[in-house]
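Text of the file query35.cif, holding mmCIF, C-alpha atoms and all ligand atoms:
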```
data_my_file
#
loop_
_atom_site.label_atom_id
_atom_site.label_comp_id
_atom_site.auth_asym_id
_atom_site.auth_seq_id
_atom_site.Cartn_x
_atom_site.Cartn_y
_atom_site.Cartn_z
CA MET N 24 -4.18 -38.98 2.21
CA SER N 25 -6.74 -39.29 -0.53
CA ASP N 26 -5.47 -38.50 -4.01
CA THR N 27 -8.60 -36.65 -5.06
CA ILE N 28 -10.42 -33.60 -3.73
CA ILE N 29 -13.95 -32.31 -4.16
CA LEU N 30 -14.38 -28.93 -5.84
CA GLU N 31 -17.75 -27.30 -5.26
CA VAL N 32 -18.05 -24.93 -8.15
CA ALA N 33 -20.61 -22.14 -8.59
CA ARG N 34 -22.79 -22.62 -11.66
CA PHE N 35 -25.01 -20.00 -13.15
CA ASN N 36 -26.49 -19.80 -16.59
CA PRO N 37 -28.40 -16.53 -17.03
CA GLU N 38 -30.58 -18.11 -19.71
CA SER N 39 -31.95 -20.91 -17.58
CA ASP N 40 -31.14 -20.31 -13.89
CA ALA N 41 -32.88 -17.94 -11.53
CA GLU N 42 -29.95 -18.02 -9.13
CA PRO N 43 -26.50 -19.60 -8.82
CA SER N 44 -26.04 -23.07 -7.34
CA TYR N 45 -23.00 -25.20 -6.51
CA GLU N 46 -22.01 -28.37 -8.35
CA SER N 47 -19.48 -30.86 -6.95
CA PHE N 48 -16.67 -32.37 -9.01
CA GLU N 49 -14.00 -34.82 -7.92
CA VAL N 50 -10.59 -33.86 -9.27
CA PRO N 51 -7.08 -35.31 -8.77
CA LEU N 52 -5.16 -33.81 -5.85
CA ARG N 53 -1.60 -33.39 -7.13
CA PRO N 54 1.07 -31.64 -5.09
CA ASP N 55 1.89 -29.18 -7.88
CA TRP N 56 -1.69 -28.41 -8.91
CA MET N 57 -3.18 -25.00 -8.39
CA VAL N 58 -6.91 -24.43 -7.91
CA LEU N 59 -6.98 -23.32 -11.56
CA ASP N 60 -5.56 -26.68 -12.65
CA GLY N 61 -8.48 -28.33 -10.87
CA LEU N 62 -10.91 -26.14 -12.80
CA ASN N 63 -9.16 -26.89 -16.09
CA HIS N 64 -9.39 -30.58 -15.30
CA ILE N 65 -13.14 -30.20 -14.89
CA LYS N 66 -13.43 -28.29 -18.14
CA ASP N 67 -11.26 -30.74 -20.11
CA GLN N 68 -12.44 -34.03 -18.62
CA LEU N 69 -15.74 -33.65 -16.80
CA ASP N 70 -17.88 -30.77 -18.01
CA GLY N 71 -16.85 -28.59 -20.94
CA SER N 72 -19.61 -26.09 -20.24
CA LEU N 73 -17.92 -24.64 -17.15
CA ALA N 74 -17.06 -20.96 -17.74
CA PHE N 75 -14.13 -19.19 -16.04
CA ARG N 76 -11.37 -16.76 -17.01
CA TRP N 77 -7.66 -17.33 -17.04
CA SER N 78 -4.72 -16.64 -19.28
CA CYS N 79 -1.15 -16.44 -18.04
CA ARG N 80 -1.14 -19.04 -15.23
CA MET N 81 1.66 -17.09 -13.54
CA GLY N 82 0.00 -14.32 -11.55
CA ILE N 83 0.52 -11.62 -14.17
CA CYS N 84 -2.65 -11.17 -16.20
CA GLY N 85 -4.97 -10.85 -13.21
CA SER N 86 -7.87 -12.66 -14.85
CA CYS N 87 -8.23 -15.79 -12.70
CA GLY N 88 -9.48 -14.18 -9.46
CA MET N 89 -12.26 -16.11 -7.72
CA MET N 90 -13.68 -16.63 -4.26
CA VAL N 91 -12.02 -19.77 -2.87
CA ASN N 92 -13.65 -20.84 0.37
CA GLY N 93 -14.99 -17.31 0.64
CA VAL N 94 -11.66 -15.52 0.17
CA PRO N 95 -10.75 -13.56 -2.97
CA THR N 96 -7.87 -15.56 -4.45
CA LEU N 97 -5.74 -15.77 -7.61
CA THR N 98 -6.51 -19.36 -8.54
CA CYS N 99 -3.39 -19.86 -10.68
CA GLU N 100 -1.16 -19.06 -7.72
CA THR N 101 -2.89 -21.01 -4.99
CA LEU N 102 -2.16 -24.69 -4.39
CA LEU N 103 -5.12 -27.03 -4.28
CA MET N 104 -3.17 -28.87 -1.58
CA ASN N 105 -3.69 -25.91 0.77
CA TYR N 106 -7.35 -26.92 0.99
CA ALA N 107 -6.89 -30.67 1.51
CA PRO N 108 -8.81 -32.74 2.38
CA GLY N 109 -11.52 -30.46 1.00
CA PRO N 110 -14.13 -29.88 -0.16
CA VAL N 111 -13.15 -26.54 -1.70
CA ARG N 112 -15.79 -24.02 -2.66
CA VAL N 113 -15.02 -21.93 -5.74
CA GLY N 114 -17.29 -19.03 -6.63
CA PRO N 115 -17.25 -15.87 -8.71
CA LEU N 116 -15.72 -12.73 -7.17
CA ASP N 117 -18.05 -11.02 -4.69
CA HIS N 118 -19.60 -7.62 -5.39
CA PHE N 119 -19.60 -7.99 -9.19
CA PRO N 120 -22.52 -9.07 -11.37
CA VAL N 121 -22.09 -12.67 -12.56
CA VAL N 122 -22.07 -13.21 -16.31
CA ARG N 123 -21.93 -16.99 -16.16
CA ASP N 124 -20.53 -19.58 -13.68
CA LEU N 125 -17.27 -18.02 -12.43
CA VAL N 126 -17.12 -15.13 -14.88
CA VAL N 127 -17.98 -11.67 -13.55
CA ASP N 128 -18.73 -8.40 -15.33
CA LEU N 129 -15.85 -5.96 -14.81
CA ASP N 130 -17.29 -3.01 -16.74
CA ASP N 131 -17.84 -0.99 -13.58
CA PHE N 132 -14.22 -1.40 -12.49
CA LEU N 133 -12.86 -0.60 -15.95
CA ALA N 134 -14.95 2.57 -16.19
CA LYS N 135 -13.68 3.72 -12.79
CA LEU N 136 -10.11 2.89 -13.69
CA GLN N 137 -10.32 5.08 -16.76
CA LYS N 138 -11.88 7.93 -14.80
CA VAL N 139 -8.85 8.36 -12.52
CA ARG N 140 -6.52 8.77 -15.52
CA PRO N 141 -3.97 6.07 -14.72
CA TRP N 142 -1.34 7.39 -17.12
CA VAL N 143 1.24 10.18 -17.11
CA VAL N 144 -0.64 13.47 -17.56
CA ARG N 145 1.31 16.50 -18.78
CA LYS N 146 0.04 20.06 -18.83
CA ASP N 147 2.88 21.33 -20.96
CA ASP N 148 4.13 20.32 -24.38
CA PHE N 149 6.33 17.53 -23.09
CA LYS N 150 9.12 16.99 -25.60
CA PRO N 151 12.29 16.54 -23.61
CA ALA N 152 15.46 16.73 -25.72
CA ARG N 153 16.87 13.74 -23.88
CA GLU N 154 15.54 11.02 -21.62
CA PHE N 155 13.70 12.12 -18.51
CA ILE N 156 15.83 11.46 -15.46
CA GLN N 157 14.14 9.82 -12.50
CA SER N 158 16.20 9.00 -9.42
CA PRO N 159 15.94 5.61 -7.72
CA ALA N 160 14.32 7.37 -4.74
CA GLN N 161 11.68 8.93 -7.01
CA LEU N 162 11.01 5.55 -8.56
CA GLU N 163 10.82 3.92 -5.15
CA SER N 164 8.10 6.36 -4.02
CA PHE N 165 5.53 4.83 -6.41
CA HIS N 166 7.00 1.47 -7.42
CA GLN N 167 4.91 -0.60 -5.01
CA PHE N 168 1.67 0.96 -6.30
CA SER N 169 2.64 0.26 -9.90
CA LEU N 170 2.61 -3.51 -9.37
CA CYS N 171 -1.18 -3.80 -9.60
CA ILE N 172 -2.39 -6.40 -12.12
CA ASN N 173 -6.06 -5.27 -12.05
CA CYS N 174 -7.21 -8.59 -10.68
CA THR N 175 -9.97 -6.85 -8.65
CA LEU N 176 -9.51 -9.17 -5.68
CA CYS N 177 -9.43 -6.00 -3.57
CA TYR N 178 -12.91 -5.01 -4.81
CA ALA N 179 -14.27 -8.42 -3.90
CA ALA N 180 -12.70 -8.08 -0.45
CA CYS N 181 -13.83 -4.51 0.24
CA PRO N 182 -17.01 -4.31 2.36
CA VAL N 183 -17.40 -0.62 1.49
CA TYR N 184 -17.57 -1.45 -2.23
CA GLY N 185 -20.14 -4.09 -1.30
CA LEU N 186 -22.26 -1.44 0.44
CA ASP N 187 -21.68 1.40 -2.02
CA PRO N 188 -21.17 0.37 -5.66
CA ASN N 189 -20.29 4.00 -6.46
CA PHE N 190 -17.09 3.73 -4.42
CA ILE N 191 -14.16 4.20 -6.81
CA GLY N 192 -12.41 1.42 -4.92
CA PRO N 193 -8.94 0.29 -3.85
CA ALA N 194 -7.08 -0.52 -7.08
CA ALA N 195 -8.25 2.54 -9.03
CA ILE N 196 -7.29 4.86 -6.17
CA ALA N 197 -3.93 3.12 -5.69
CA LEU N 198 -3.21 3.61 -9.39
CA ALA N 199 -4.26 7.26 -9.29
CA HIS N 200 -1.87 7.66 -6.37
CA ARG N 201 0.87 5.86 -8.31
CA TYR N 202 0.71 8.50 -11.07
CA ASN N 203 0.43 11.40 -8.61
CA LEU N 204 3.70 10.25 -7.08
CA ASP N 205 5.44 9.91 -10.44
CA SER N 206 7.89 12.79 -10.98
CA ARG N 207 6.90 13.02 -14.66
CA ASP N 208 3.23 13.51 -13.92
CA GLN N 209 1.23 16.75 -13.65
CA GLY N 210 -2.27 15.32 -13.29
CA ILE N 211 -2.74 15.50 -9.53
CA GLU N 212 -5.27 18.35 -9.69
CA ASP N 213 -7.45 16.62 -12.29
CA ARG N 214 -7.38 13.40 -10.34
CA LEU N 215 -8.28 15.11 -7.06
CA ASP N 216 -11.50 16.33 -8.65
CA ILE N 217 -12.47 12.71 -9.21
CA VAL N 218 -10.83 10.99 -6.28
CA SER N 219 -11.38 13.47 -3.44
CA ARG N 220 -15.14 13.04 -3.44
CA HIS N 221 -17.29 11.17 -1.04
CA GLU N 222 -17.41 8.15 -3.36
CA GLY N 223 -13.64 8.42 -3.75
CA ILE N 224 -11.13 8.23 -0.93
CA TRP N 225 -13.57 9.53 1.69
CA ASP N 226 -15.77 6.46 1.38
CA CYS N 227 -12.91 4.30 2.68
CA THR N 228 -13.11 3.48 6.38
CA VAL N 229 -9.74 1.71 6.52
CA VAL N 230 -11.02 -1.83 6.84
CA GLY N 231 -7.76 -2.93 5.18
CA GLU N 232 -9.04 -6.14 3.58
CA CYS N 233 -7.86 -4.91 0.16
CA SER N 234 -4.26 -4.98 1.34
CA THR N 235 -4.70 -8.38 2.97
CA VAL N 236 -5.90 -10.10 -0.19
CA CYS N 237 -3.73 -8.25 -2.75
CA PRO N 238 -1.51 -10.89 -4.41
CA LYS N 239 1.01 -8.22 -5.48
CA HIS N 240 1.41 -6.47 -2.10
CA VAL N 241 0.26 -3.19 -3.59
CA ASP N 242 -1.22 -2.10 -0.24
CA PRO N 243 -4.11 -0.07 -1.65
CA SER N 244 -5.19 0.82 1.87
CA LEU N 245 -1.91 2.65 2.43
CA ALA N 246 -2.33 4.43 -0.91
CA ILE N 247 -5.80 5.62 0.09
CA GLN N 248 -4.63 6.92 3.48
CA GLN N 249 -1.71 8.75 1.87
CA TYR N 250 -4.12 10.15 -0.68
CA LYS N 251 -6.37 11.43 2.11
CA LEU N 252 -3.41 13.30 3.53
CA THR N 253 -2.59 14.84 0.13
CA ALA N 254 -6.23 15.79 -0.42
CA THR N 255 -6.45 17.36 3.04
CA LYS N 256 -3.31 19.43 2.43
CA GLU N 257 -4.70 20.55 -0.93
CA TRP N 258 -8.04 21.35 0.68
CA PHE N 259 -6.45 23.61 3.28
CA LYS N 260 -4.30 25.19 0.60
CA SER N 261 -7.26 25.95 -1.66
CA PHE N 262 -9.16 27.21 1.37
CA LEU N 263 -6.37 29.67 2.23
CA LEU N 264 -5.45 30.50 -1.36
CA PRO N 265 -8.60 30.06 -3.47
CA ARG N 266 -7.75 28.87 -6.96
CA GLY N 267 -7.75 31.47 -9.72
CA LYS N 268 -7.19 34.42 -7.41
CA HIS N 269 -3.42 34.25 -7.51
CA MET L 18 -22.67 15.40 -5.87
CA SER L 19 -22.09 17.80 -8.75
CA ALA L 20 -19.30 17.15 -11.24
CA GLY L 21 -15.90 18.43 -10.26
CA LYS L 22 -16.99 19.17 -6.72
CA ARG L 23 -14.49 17.99 -4.16
CA SER L 24 -15.68 16.75 -0.81
CA ASN L 25 -15.41 18.86 2.32
CA GLU L 26 -14.59 15.70 4.19
CA PRO L 27 -10.92 16.75 4.68
CA VAL L 28 -12.09 18.95 7.59
CA VAL L 29 -13.71 16.16 9.56
CA TRP L 30 -10.99 13.73 8.57
CA PHE L 31 -8.33 16.15 9.79
CA LEU L 32 -10.13 16.54 13.14
CA PHE L 33 -10.56 12.76 13.27
CA GLY L 34 -6.86 12.21 12.56
CA VAL L 35 -5.61 14.68 15.16
CA GLY L 36 -8.17 13.31 17.63
CA GLY L 37 -6.87 9.82 16.96
CA PHE L 38 -3.39 10.98 17.87
CA PHE L 39 -4.62 12.44 21.19
CA ALA L 40 -6.84 9.45 21.89
CA ALA L 41 -3.99 7.01 21.28
CA TYR L 42 -1.13 8.80 23.04
CA PHE L 43 -2.55 11.09 25.72
CA LEU L 44 -5.94 9.79 26.78
CA PRO L 45 -4.56 6.45 28.08
CA VAL L 46 -2.20 8.36 30.40
CA HIS L 47 -5.16 10.14 32.00
CA VAL L 48 -7.12 6.92 32.28
CA LEU L 49 -4.13 5.20 33.85
CA PHE L 50 -3.57 7.87 36.49
CA TYR L 51 -7.12 9.02 37.25
CA GLY L 52 -8.81 5.70 36.67
CA LEU L 53 -6.31 3.30 38.18
CA LEU L 54 -3.19 4.57 39.92
CA PHE L 55 -4.73 7.43 41.96
CA PRO L 56 -7.90 5.62 43.11
CA SER L 57 -6.00 2.46 44.03
CA GLY L 58 -3.50 4.49 46.06
CA LEU L 59 -0.53 3.08 44.14
CA VAL L 60 0.46 6.63 43.34
CA HIS L 61 -0.22 9.44 45.75
CA ALA L 62 -3.08 11.52 44.33
CA PRO L 63 -2.69 15.32 44.22
CA GLY L 64 -5.17 17.20 46.40
CA TYR L 65 -8.13 19.20 45.15
CA GLN L 66 -6.50 22.61 45.53
CA GLN L 67 -3.34 21.42 43.83
CA THR L 68 -5.30 19.99 40.88
CA LEU L 69 -7.41 23.14 40.63
CA ALA L 70 -4.31 25.33 40.51
CA LEU L 71 -2.90 23.11 37.77
CA VAL L 72 -6.11 23.22 35.72
CA ARG L 73 -6.25 27.01 36.04
CA HIS L 74 -2.85 27.42 34.44
CA PRO L 75 -3.32 28.74 30.86
CA LEU L 76 -1.16 26.02 29.34
CA THR L 77 -3.16 23.28 31.09
CA ARG L 78 -6.39 24.84 29.88
CA LEU L 79 -5.06 24.92 26.35
CA TYR L 80 -3.94 21.31 26.60
CA LEU L 81 -7.25 20.12 28.03
CA PHE L 82 -9.15 22.04 25.38
CA ALA L 83 -7.15 20.38 22.60
CA LEU L 84 -7.32 16.93 24.20
CA LEU L 85 -11.06 16.97 24.77
CA THR L 86 -12.30 18.66 21.62
CA PHE L 87 -10.14 16.65 19.24
CA CYS L 88 -11.16 13.45 21.01
CA PHE L 89 -14.84 14.46 20.66
CA PHE L 90 -14.44 14.88 16.91
CA HIS L 91 -12.50 11.65 16.65
CA ALA L 92 -15.31 9.82 18.44
CA ALA L 93 -17.98 11.58 16.36
CA HIS L 94 -16.40 10.53 13.06
CA ARG L 95 -15.89 6.98 14.22
CA MET L 96 -19.45 6.69 15.50
CA ARG L 97 -20.85 8.11 12.26
CA LEU L 98 -18.95 5.64 10.08
CA THR L 99 -19.68 2.71 12.39
CA MET L 100 -23.38 3.45 12.38
CA SER L 101 -23.56 4.06 8.65
CA ASP L 102 -21.57 0.95 7.64
CA VAL L 103 -21.91 -1.63 10.42
CA LEU L 104 -25.56 -0.87 11.12
CA ASN L 105 -26.09 -0.17 7.41
CA LEU L 106 -27.67 3.25 7.92
CA ARG L 107 -26.08 4.90 4.90
CA HIS L 108 -29.38 6.42 3.81
CA LEU L 109 -29.45 8.37 7.11
CA ASN L 110 -26.02 9.87 6.47
CA THR L 111 -27.11 13.49 6.88
CA VAL L 112 -28.95 12.78 10.13
CA LEU L 113 -26.00 10.77 11.48
CA ALA L 114 -23.53 13.51 10.55
CA PHE L 115 -25.76 16.09 12.23
CA LEU L 116 -26.07 14.02 15.42
CA CYS L 117 -22.40 12.97 15.66
CA TYR L 118 -20.65 16.20 14.71
CA GLY L 119 -23.39 18.17 16.46
CA GLY L 120 -22.61 16.18 19.60
CA ALA L 121 -18.92 17.00 19.21
CA ILE L 122 -19.72 20.69 18.79
CA VAL L 123 -21.87 20.64 21.94
CA GLY L 124 -19.01 18.88 23.72
CA THR L 125 -16.63 21.59 22.53
CA ILE L 126 -18.90 24.35 23.79
CA VAL L 127 -19.28 22.68 27.19
CA THR L 128 -15.50 22.20 27.36
CA VAL L 129 -14.83 25.86 26.62
CA TRP L 130 -17.43 26.89 29.18
CA LEU L 131 -15.98 24.61 31.87
CA LEU L 132 -12.40 25.61 31.21
CA ALA L 133 -13.28 29.30 31.14
CA THR L 134 -15.22 29.25 34.39
CA VAL L 135 -13.25 26.78 36.47
S1 LIG N 301 -4.47 -3.58 -5.89
FE1 LIG N 301 -3.85 -5.74 -5.67
S2 LIG N 301 -5.81 -6.83 -5.34
FE2 LIG N 301 -6.34 -4.83 -6.17
S3 LIG N 301 -6.50 -5.14 -8.39
FE3 LIG N 301 -4.39 -4.48 -7.97
S4 LIG N 301 -3.20 -6.35 -7.72
FE4 LIG N 301 -5.36 -6.93 -7.56
S1 LIG N 302 -4.12 -16.76 -14.96
FE1 LIG N 302 -3.10 -14.85 -15.12
S2 LIG N 302 -3.07 -14.18 -13.03
FE2 LIG N 302 -3.90 -16.18 -12.88
#
```

Take the structure in this file and express it as C-alpha cells.
Amino acid sequence: MSDTIILEVARFNPESDAEPSYESFEVPLRPDWMVLDGLNHIKDQLDGSLAFRWSCRMGICGSCGMMVNGVPTLTCETLLMNYAPGPVRVGPLDHFPVVRDLVVDLDDFLAKLQKVRPWVVRKDDFKPAREFIQSPAQLESFHQFSLCINCTLCYAACPVYGLDPNFIGPAAIALAHRYNLDSRDQGIEDRLDIVSRHEGIWDCTVVGECSTVCPKHVDPSLAIQQYKLTATKEWFKSFLLPRGKH
Amino acid sequence: MSAGKRSNEPVVWFLFGVGGFFAAYFLPVHVLFYGLLFPSGLVHAPGYQQTLALVRHPLTRLYLFALLTFCFFHAAHRMRLTMSDVLNLRHLNTVLAFLCYGGAIVGTIVTVWLLATV
C-alpha cells in the first residue's frame, strides 16, 4: 500500500474567488493519522494559507466538522486510513455560508440555539436551602440529549435545513428537549412558543440523517419526535382548557 | 407566522400518527386476506351475505370508519410532505395542504356515506 494519500481540499477566498474549487495535496498516510492531521500537515508543510477550524483534537470542542467525501464528519476523530487509497475530498459543511476554505459561518445556528433557551429556566425564586436532588432515572431521561457538542454535523446532514434555512434544526431542538426533560427546569411553555412552530419541530419530516451522522449519539431525530408528542399533548390541553381561563 | 403563535400542525400530525398505526398494523391484514389469501383460494372466502352482515354490525362499521379515515389522513400528510420536499414545491404549501387534506376529508365523507347506507 502506498504511504501517501491525496487530499482534495476545498479552497475559497471571498476576496478573489467567484466560487470554491478543489486543490489536491499529497500527504503521508500514517495508521494513526486522522483527517485533521492530514490538513495540519498541509498547513504546516505545504500551504500555510489553508483555513480550517479545530481545537481539542479529541471530539469535544465540536469545531472540526467538515464534509469528508460528502459526509458530515468530525475530522479529528476519523482515520485517514478509512479512505485509503484515496483520493479524499474535504469540503466545508453543507448548508452554511463559507467564510473561507473550510471555515463556515455559524451565526445562524448560534442565534437559533440561543432562541430555544438551552439553560435551566425557573419561574420562581429558586434558592433551595440544600442541593437539588435529582434521581438517576430523572438524569437518565435527558442525559443522552445533553451530550451535544454543537458540531453542527446534523445541520449539514439535514435536507430539510438545506431546503428551509428558517428550520430551527436538529441540535437546537434536541437541546431544548434536554432542558424540558430536566426536573429542575420550568421553561417548557416558553420553549414551546418557539419550537412548536412550523419552522420548529413541524418542519421535520423524520429523514433521520441527523442521528446517523451525530458523533455523540445524541439522536436529535428521536428528540424531535418526542417533542412533537409533547407539543401535541399541550395543544390538545390548551384546546380543551384555554390558557388564562382557569 | 406571528411571534409567539404556535402551529396548529399537532392536529394533522396526530391524525397522521394514528393513521400510521392503522396503516402499519391493520391495513396489511386486509390486504393479505382480501388481496391474496381469499382470491387465491388458500383460505375459504366468506360469502357476500356473510360479509354484508359483518359490515352491518355497528362495531365493524366503527372499526372500518376509524381504519379508513385515519389512513386517509396519514396518506394525505405523507403526500403533502413528499410533494413539498422531494418535488421541492414548498412555495405551494397552502395549495398542497388544501388538496391533500381536502382529499382526506372527501374520503371521510364518502366513507361515512358508504358505511351509513350499506
Ligand atoms: S446533535 Fe450531534 S451532530 Fe448535532 S450538533 Fe450536537 S453533537 Fe453535533
Ligand atoms: S478538534 Fe475538537 S472536536 Fe475535533

Nearest residue to chain L out of N:Asp148, N:Asp216, N:Asp208, N:Glu42, using all atoms listed in the file?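 Distance minimum relative to chain L lands on N:Asp216.
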
Could you list, with a cut-off of 8 Å and counting all atoms listed in the file, the residues of chain N near ligand LIG 301 (chain N), each shown with its nearest atom pair and the distance in Å rounded to one decimal, rows sorted by chain and ascending number, as a Markdown table?
```
| residue | atom | partner | partner_atom | distance |
| --- | --- | --- | --- | --- |
| N:Gly85 | CA | N:LIG301 | FE4 | 6.9 |
| N:Phe168 | CA | N:LIG301 | S1 | 7.6 |
| N:Leu170 | CA | N:LIG301 | S4 | 6.7 |
| N:Cys171 | CA | N:LIG301 | FE3 | 3.7 |
| N:Ile172 | CA | N:LIG301 | S4 | 4.5 |
| N:Asn173 | CA | N:LIG301 | S3 | 3.7 |
| N:Cys174 | CA | N:LIG301 | FE4 | 4.0 |
| N:Thr175 | CA | N:LIG301 | S3 | 3.9 |
| N:Leu176 | CA | N:LIG301 | S2 | 4.4 |
| N:Cys177 | CA | N:LIG301 | S2 | 4.1 |
| N:Tyr178 | CA | N:LIG301 | FE2 | 6.7 |
| N:Pro193 | CA | N:LIG301 | FE2 | 6.2 |
| N:Ala194 | CA | N:LIG301 | S1 | 4.2 |
| N:Ala195 | CA | N:LIG301 | S1 | 7.8 |
| N:Ala197 | CA | N:LIG301 | S1 | 6.7 |
| N:Cys233 | CA | N:LIG301 | S2 | 6.2 |
| N:Ser234 | CA | N:LIG301 | FE1 | 7.1 |
| N:Val236 | CA | N:LIG301 | S2 | 6.1 |
| N:Cys237 | CA | N:LIG301 | S2 | 3.6 |
| N:Pro238 | CA | N:LIG301 | FE1 | 5.8 |
| N:Lys239 | CA | N:LIG301 | S4 | 5.1 |
| N:His240 | CA | N:LIG301 | FE1 | 6.4 |
| N:Val241 | CA | N:LIG301 | FE1 | 5.3 |
| N:Asp242 | CA | N:LIG301 | S1 | 6.7 |
| N:Pro243 | CA | N:LIG301 | S1 | 5.5 |
```

12 Å from ligand LIG 302 (chain N) is the threshold here; counting only C-alpha atoms and all ligand atoms, which polymer residues fall inside it? Answer as an NGL selection string. :N and (57-60 or 62-63 or 75-89 or 96-101 or 171-176 or 237-239)

Write out as JSON lines the residues of chain L that have any atom within 12 Å of an atom of chain N, one row each with the nearest atom pair and its distance in Å to one decimal, counting all atoms listed in the file, sorted by chain and then rising number.
```
{"residue": "L:Met18", "atom": "CA", "partner": "N:Arg220", "partner_atom": "CA", "distance": 8.3}
{"residue": "L:Ser19", "atom": "CA", "partner": "N:Arg220", "partner_atom": "CA", "distance": 10.0}
{"residue": "L:Ala20", "atom": "CA", "partner": "N:Asp216", "partner_atom": "CA", "distance": 8.3}
{"residue": "L:Gly21", "atom": "CA", "partner": "N:Asp216", "partner_atom": "CA", "distance": 5.1}
{"residue": "L:Lys22", "atom": "CA", "partner": "N:Asp216", "partner_atom": "CA", "distance": 6.5}
{"residue": "L:Arg23", "atom": "CA", "partner": "N:Arg220", "partner_atom": "CA", "distance": 5.0}
{"residue": "L:Ser24", "atom": "CA", "partner": "N:Arg220", "partner_atom": "CA", "distance": 4.6}
{"residue": "L:Asn25", "atom": "CA", "partner": "N:Trp258", "partner_atom": "CA", "distance": 8.0}
{"residue": "L:Glu26", "atom": "CA", "partner": "N:Trp225", "partner_atom": "CA", "distance": 6.7}
{"residue": "L:Pro27", "atom": "CA", "partner": "N:Thr255", "partner_atom": "CA", "distance": 4.8}
{"residue": "L:Val28", "atom": "CA", "partner": "N:Thr255", "partner_atom": "CA", "distance": 7.4}
{"residue": "L:Val29", "atom": "CA", "partner": "N:Thr255", "partner_atom": "CA", "distance": 9.8}
{"residue": "L:Trp30", "atom": "CA", "partner": "N:Thr255", "partner_atom": "CA", "distance": 8.0}
{"residue": "L:Phe31", "atom": "CA", "partner": "N:Thr255", "partner_atom": "CA", "distance": 7.1}
{"residue": "L:Leu32", "atom": "CA", "partner": "N:Thr255", "partner_atom": "CA", "distance": 10.8}
{"residue": "L:Phe33", "atom": "CA", "partner": "N:Thr228", "partner_atom": "CA", "distance": 11.8}
{"residue": "L:Gly34", "atom": "CA", "partner": "N:Leu252", "partner_atom": "CA", "distance": 9.7}
{"residue": "L:Val35", "atom": "CA", "partner": "N:Leu252", "partner_atom": "CA", "distance": 11.9}
{"residue": "L:His94", "atom": "CA", "partner": "N:Thr228", "partner_atom": "CA", "distance": 10.3}
{"residue": "L:Arg95", "atom": "CA", "partner": "N:Thr228", "partner_atom": "CA", "distance": 9.0}
{"residue": "L:Met96", "atom": "CA", "partner": "N:Thr228", "partner_atom": "CA", "distance": 11.6}
{"residue": "L:Arg97", "atom": "CA", "partner": "N:Thr228", "partner_atom": "CA", "distance": 10.8}
{"residue": "L:Leu98", "atom": "CA", "partner": "N:Thr228", "partner_atom": "CA", "distance": 7.2}
{"residue": "L:Thr99", "atom": "CA", "partner": "N:Thr228", "partner_atom": "CA", "distance": 8.9}
{"residue": "L:Met100", "atom": "CA", "partner": "N:Thr228", "partner_atom": "CA", "distance": 11.9}
{"residue": "L:Ser101", "atom": "CA", "partner": "N:Leu186", "partner_atom": "CA", "distance": 10.0}
{"residue": "L:Asp102", "atom": "CA", "partner": "N:Val183", "partner_atom": "CA", "distance": 7.6}
{"residue": "L:Val103", "atom": "CA", "partner": "N:Pro182", "partner_atom": "CA", "distance": 9.8}
{"residue": "L:Leu104", "atom": "CA", "partner": "N:Leu186", "partner_atom": "CA", "distance": 11.2}
{"residue": "L:Asn105", "atom": "CA", "partner": "N:Leu186", "partner_atom": "CA", "distance": 8.1}
{"residue": "L:Leu106", "atom": "CA", "partner": "N:Leu186", "partner_atom": "CA", "distance": 10.4}
{"residue": "L:Arg107", "atom": "CA", "partner": "N:Leu186", "partner_atom": "CA", "distance": 8.6}
{"residue": "L:His108", "atom": "CA", "partner": "N:Asp187", "partner_atom": "CA", "distance": 10.9}
{"residue": "L:Asn110", "atom": "CA", "partner": "N:His221", "partner_atom": "CA", "distance": 11.6}
```

Report as a ChimeraX atom specification all protein, DNA and RNA residues lying within 6 Å of region 150-166 of chain N, evaluated on all atoms listed in the file, omitting residues in the same chain fewer than 2 positions from it. /N:168-169,201,204

With a distance cut-off of 8 Å and all atoms listed in the file, select the neighbouring residues of Asn92 (chain N), excluding the residue or stretch itself and same-chain residues fewer than 4 positions from it, and output the selection as a PyMOL selection string. chain N and resi 111-113

Could you pull the residues within 9 Å of Val144 (chain N), counting all atoms listed in the file, minus those fewer than 3 positions along the same chain, as a PyMOL selection string? chain N and resi 140-141+202+207-211

Give me a file of those residues, with C-alpha atoms, as a PDB file, keeping the file's coordinate frame.
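New file selection-v2.pdb:
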```pdb
ATOM      1  CA  ARG N 140      -6.520   8.770 -15.520  1.00  0.00           C
ATOM      2  CA  PRO N 141      -3.970   6.070 -14.720  1.00  0.00           C
ATOM      3  CA  TYR N 202       0.710   8.500 -11.070  1.00  0.00           C
ATOM      4  CA  ARG N 207       6.900  13.020 -14.660  1.00  0.00           C
ATOM      5  CA  ASP N 208       3.230  13.510 -13.920  1.00  0.00           C
ATOM      6  CA  GLN N 209       1.230  16.750 -13.650  1.00  0.00           C
ATOM      7  CA  GLY N 210      -2.270  15.320 -13.290  1.00  0.00           C
ATOM      8  CA  ILE N 211      -2.740  15.500  -9.530  1.00  0.00           C
TER       9      ILE N 211
END
```

Two-atom distance - CA of Thr68 (chain L), CA of Tyr80 (chain L) (Å): 14.4 Å

Around the point (-18.8, -3.9, -5.8), in the coordinates given by the file, pick out the residues reaching within 12 Å, counting all atoms listed in the file, and return them as an MDAnalysis selection string. chainID N and resid 116:121 127:132 135 175:193

Separation of CA of Leu30 (chain N) from CA of Phe48 (chain N) in Å: 5.2 Å

Compile the contact shell of Ile126 (chain L) as a PyMOL selection string: residues with an atom at most 12 Å away, counting only C-alpha atoms, same-chain residues fewer than 4 positions apart removed. chain L and resi 82+85-86+89+119-122+130-133

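Note that the spacing between CA of Ala40 (chain L) and CA of Leu84 (chain L) amounts to 7.8 Å.
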